[in-house]
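Asks: Before we start, here is the structure in question, set down as C-alpha cells.
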Amino acid sequence: MKSLSRNKSVASNMGAADLASQKTRKLKTPWVFIAICMSPWVFGFLFFTAYPMGASLYQSFTKFNLIETPKWVGTENYVRMFTDDPDFWKALKNTVWISAVSIPLRIAFALFTAWILTKPKRGSNIYRTIFFLPAMVPTVAATMSFTYIFNPAIGPINKFLEFFGIKNPPMWFIDPHWSKWALILLGLWGIGDTMIIYLAGLLDVPRSLYEAAAIEGASGWQQFRYVTIPMMTPVIFFSTVTGIIGSFQYFTQAYVAAGQVNDYSHSMYFYATHIYHEAFRAYEMGYASALAWVLLIFTLICTLIMLQTQKRWVHYPNGSLFK
Amino acid sequence: MSAYTQEQWARIDADAAIMRRKARRHKFLETVGNHSILIAMSAIFIMPLYLIVVISLMTYRQASLRALWPSPFVWHNYIEVFHAVPFMHWTLNTLFVSTLTMIGTVVSSVPPAYVLSRLQWRGRNGSFILILATMMLPGQVTMIPVYVIFAKLHWIPGYLPLIVPAFFSSAFSIFLLRQFFATIPDEISDAARIDGCSEFQLMMRIVIPLAKPAISAIALFAFLGAWNDFFGPLLYLVENPDLWTLGIGLTQFENLHHVDRNMLMTASALFMMPVIVIFFFSQKVFIEGVTLTGVKG
C-alpha cells in the first residue's frame, strides 16, 4: 500500500516534469547547472575536509614539527598518549567531568526556562528577549567579563553573596575546585539558543494532549512529566548529541579564562586545549593529530551509544529521524 | 431538573460563583507566581550585563571598592579606551573579516542549498548526508593539515585563512537554507519553468526573493560567527598585532598597556554593543533561524 502510493506520487511528479520539459528547451536533469552550483561545496569538501582528514590520519602516525617532513613512527603517538602523557589524562578527566555535569544541567535549565516562558499570557516576548540576550555576547567578552566580576578581590559577585549571608564565598576561577563551576555558570548564562530550540519544541506539543490530560485529572506537574517530557524527548536527544560533540571541543571559554587567572593546577585544561598546546605551542603536529583522531573516535562512540539508547527513551510522534 | 426548588437553585448558583471565584483566584495566583519566577530569572540573566556596564563607567578606585553604582559616571572611559589601545583598529579589522565571511558564506551556500532542495537528481540525498556528516566532524581533525596548507601558501599571519574558507560553503548554512527552501511549494517553480524560465533565473528571481528570511538568518549567523570567533584569529593572526581582531585584542588588553583594569569592562561593553544592537533590530530573523536549525523537518 505504502509503496503503491509512493510509485503513484513518483509517476505524477514525472508527469509534471514531462509537461514542464515539453514546454522548456531542456529535457533532462540540468547537470551543468547542478555542477556549477555544487562546486563551492565540492571544492571546499576536498580542500578543507577530505584531504585534511586523510593527511591528519597519516600525520598521526608520524613525528612532524611543521618544518621538517613527517617521519613515520608507527603507533608511537597513540601508545604515548595512553602510557606516557599525564596531561592527556588530566585533560580527558576534566573534559569528561565537565560534560557529565554541564550537559544534563544545560538540558534541565533550557527546558525549564523554555517551559516557564510558555506560561504567561502576556509579556512572554520581553522575557524571551532578556533570556536570549546573553547568548549574543561574544564568547571572549563574556569570559573576560565573568573572570572580572567573579574575581574575589575586585568583582562584585562575591559582594552580593556576602550580602546574602554567605560567609566564605568561593574563589571561582582562581580556585581549582570551583573554576569548572564558574565555567558552567558562564555556559548556563548563554543558554539562549538552546532555549529557543526547546521553546519551539514546546510550542509544537498539541494543546489537545494537555486538555486530555487535564480531563483525566492530571496535575500541572503530572502534565509536565507525562506529556511535556515525552513529547520533548526528540529535542532532548538532539541536544544531548550536539552537547557531547560540543563539549569535547570546548576551548575558547576555558582558554581565555585560564589565561586570565594563571591556572597553574590545570583545572581548566581540557581536551581541545591539550590538542592546541601540542600542535601550536610544542609543535608536536603528529602527536596532536593522533589526539584529534582519538577525539573523533570518542565522539563517534558516544554518538553511537546515544543512537543505541534512543529506542528506549526517545519518542518520535512521526517515526524516527534516523531510520 | 425541575425537581429543584428555587432555594436549591440559589444555592447551586452561589456554589458555582464560589467555584468560579476560587478558579479565578487560583489563576491569579498562578500568574503572579509565574511572573515572579520570570522576573527573578530576568534579573539573574541581566545582572552580569548590568555589572559590565556600570563597572565600565567607574574610576578604577570605585571599581576596586566593588561599588554597584558609578559616582561620578566616567563617560570618559569610553573615549580613553580608544587611546589606550588600538581599539578602533581592532574593530575595523573585525568588521572587515566578518563582512567578507558573511558575503562568502551567502554567495557560496545559496546555490548548493538550491540544487539540494529544489531539483531532483541522482546523488542528491547522498550529498546531503555527506554535508550533514561534515557538520558533526570535530574541527580539530582537519585543523592541522589546513594550517599546513595555509603556512605553505605563506598566508600566515593574515586574513586569507579566515576569509577564503567562507567562500567554499558552510555545511550549517546549506542545511539551514535547505530546510527553508523545501517549504516553498514546487508549483511555483513548475509554473516558472513552463513559462520558459531557466534554472538560474528561477533561483535568482523567484526562490531567493522568497527565501529572504532564511538568507538573512545565515548572513547574520555568518557575520556573528566571525565577529565572535576566537580560535581562527588565535591560529592565524596572533603573530602580527596589526591584524588583531577584537577577540584577540581583548585577551591581550592587560599585557599591552598600563590601563585601569576596569577599562576591560569598557572594552567588553563596546565589543558586545554592535552585536546587541543587531540583535534588537533582527530578533525575528534570528529566532526563526535558530528554530530552523532544531530538529524540525
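Order determines the names: the first chain of the C-alpha cells is A, the second B, and so forth; residues in each chain are numbered 1 upward, and ligands are numbered 1 upward as they are shown.
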Kindly provide, as a ChimeraX atom specification, the residues of chain B having any atom no farther than 6 Å from an atom of chain A, counting only C-alpha atoms.
Replies: /B:64,66,108,111-112,140-142,145,168-169,194,196,228,247,268,272,291,294
Asks: Please, which residues of region 11-170 of chain B, numbered as in this document, come out helix (DSSP H, G or I) from DSSP, as a VMD selection string?
Replies: chain B and resid 11 to 56 60 to 64 77 to 84 87 to 118 124 to 136 139 to 152 160 to 168
Asks: Which residues come within 10 Å of Asp87 (chain A), counting only C-alpha atoms, excluding same-chain residues fewer than 5 positions away, as a VMD selection string?
Replies: chain A and resid 81 92 to 93 266 269 to 271 274
Asks: Mind checking which residues fall within 8 Å of Leu246 (chain B), counting only C-alpha atoms, ignoring those fewer than 3 positions away in the same chain, and posting them as a list in words?
Replies: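 So, after excluding close chain neighbours, the residues are Phe87, Trp90, Thr91, Asn93, Thr94, Gly249, Leu250 and Phe271 of chain B.
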Asks: Selected residues, all heavy atoms, written as a short mmCIF file (atom, residue, chain, number, x, y, z; two decimals), in the first residue's frame, please.
Replies:
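Generated file (selection_4.cif):
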data_model
loop_
_atom_site.label_atom_id
_atom_site.label_comp_id
_atom_site.auth_asym_id
_atom_site.auth_seq_id
_atom_site.Cartn_x
_atom_site.Cartn_y
_atom_site.Cartn_z
N PHE B 87 41.86 50.34 19.74
CA PHE B 87 40.54 49.70 19.73
C PHE B 87 39.84 49.88 18.40
O PHE B 87 39.20 48.96 17.88
CB PHE B 87 39.69 50.30 20.86
CG PHE B 87 38.53 49.44 21.21
CD1 PHE B 87 38.68 48.37 22.08
CD2 PHE B 87 37.29 49.68 20.66
CE1 PHE B 87 37.61 47.56 22.39
CE2 PHE B 87 36.21 48.86 20.98
CZ PHE B 87 36.38 47.81 21.84
N TRP B 90 41.27 47.46 15.87
CA TRP B 90 40.75 46.09 16.06
C TRP B 90 39.32 45.98 15.55
O TRP B 90 38.95 44.98 14.93
CB TRP B 90 40.76 45.72 17.55
CG TRP B 90 42.10 45.65 18.18
CD1 TRP B 90 43.31 45.56 17.54
CD2 TRP B 90 42.39 45.68 19.58
NE1 TRP B 90 44.32 45.53 18.46
CE2 TRP B 90 43.79 45.59 19.72
CE3 TRP B 90 41.60 45.75 20.74
CZ2 TRP B 90 44.42 45.58 20.96
CZ3 TRP B 90 42.21 45.73 21.97
CH2 TRP B 90 43.61 45.66 22.08
N THR B 91 38.54 47.04 15.82
CA THR B 91 37.14 46.99 15.39
C THR B 91 37.05 46.91 13.87
O THR B 91 36.29 46.09 13.33
CB THR B 91 36.39 48.25 15.89
OG1 THR B 91 36.60 48.37 17.28
CG2 THR B 91 34.91 48.16 15.60
N ASN B 93 39.33 45.83 11.81
CA ASN B 93 39.81 44.50 11.39
C ASN B 93 38.70 43.47 11.51
O ASN B 93 38.47 42.66 10.61
CB ASN B 93 40.99 44.06 12.25
CG ASN B 93 42.25 44.84 11.96
OD1 ASN B 93 42.32 45.55 10.95
ND2 ASN B 93 43.23 44.74 12.83
N THR B 94 38.02 43.48 12.67
CA THR B 94 36.97 42.50 12.91
C THR B 94 35.83 42.69 11.91
O THR B 94 35.30 41.71 11.36
CB THR B 94 36.43 42.65 14.35
OG1 THR B 94 37.53 42.78 15.23
CG2 THR B 94 35.61 41.45 14.75
N GLY B 249 42.50 41.07 20.70
CA GLY B 249 42.91 42.29 21.37
C GLY B 249 42.48 42.32 22.82
O GLY B 249 43.26 42.65 23.71
N LEU B 250 41.24 41.89 23.04
CA LEU B 250 40.70 41.93 24.40
C LEU B 250 41.49 41.02 25.34
O LEU B 250 41.76 41.39 26.49
CB LEU B 250 39.24 41.49 24.35
CG LEU B 250 38.30 42.11 25.36
CD1 LEU B 250 38.28 43.61 25.22
CD2 LEU B 250 36.90 41.54 25.19
N PHE B 271 32.64 45.89 22.68
CA PHE B 271 32.73 44.70 21.83
C PHE B 271 31.35 44.07 21.62
O PHE B 271 30.99 43.63 20.53
CB PHE B 271 33.70 43.72 22.50
CG PHE B 271 34.03 42.48 21.70
CD1 PHE B 271 33.74 42.35 20.36
CD2 PHE B 271 34.69 41.42 22.33
CE1 PHE B 271 34.08 41.21 19.66
CE2 PHE B 271 35.03 40.28 21.65
CZ PHE B 271 34.72 40.17 20.30
#
Asks: Excluding Thr101 (chain B) and residues on its chain fewer than 5 positions from it, collect all residues at most 8 Å away from it, counting only C-alpha atoms, and give them as a compact mmCIF listing (two decimals) with C-alpha atoms, in the first residue's frame.
Replies:
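Written output follows (around_12.txt):
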# COMPACT_ATOMS: atom_id res chain seq x y z
CA LEU B 162 39.87 33.16 7.84
CA ILE B 163 38.11 34.51 4.76
CA ALA B 166 33.99 31.03 3.87
CA PHE B 167 33.80 31.14 0.07
CA ALA B 222 27.96 34.03 9.48
CA PHE B 223 28.65 37.63 10.45
CA ALA B 226 33.15 35.66 12.51
Asks: Between CA of Ile131 (chain B) and CA of Ile174 (chain B), what distance in Å does the model show, to one decimal?
Replies: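 About the pair CA of Ile131 (chain B) and CA of Ile174 (chain B): they are 8.2 Å apart.
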Asks: Can you measure CA of His277 (chain A) to CA of Pro165 (chain B) for me? One decimal in Å is fine.
Replies: 23.6 Å
Asks: In terms of the shortest atom-to-atom distance over only C-alpha atoms, which of A:Trp313, A:Thr228, A:Thr147, A:Asp84 is closest to Asn262 (chain B)?
Replies: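 Of A:Trp313, A:Thr228, A:Thr147, A:Asp84, the one nearest Asn262 (chain B) is A:Thr147, counting only C-alpha atoms.
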Asks: Taking only C-alpha atoms into account, name the residue in B:Tyr50, B:Phe181, B:Trp75, B:Trp9 that is nearest to Ala113 (chain B).
Replies: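 The answer is B:Phe181, which sits nearest to Ala113 (chain B).
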Asks: By how many Å are CA of Phe172 (chain B) and CA of Gly123 (chain B) apart?
Replies: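 Those two atoms sit 19.5 Å apart.
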Asks: Mind checking which residues fall within 8 Å of Leu292 (chain B), counting only C-alpha atoms, ignoring those fewer than 4 positions away in the same chain, and posting them as a VMD selection string?
Replies: chain B and resid 176 179 to 180 288 296
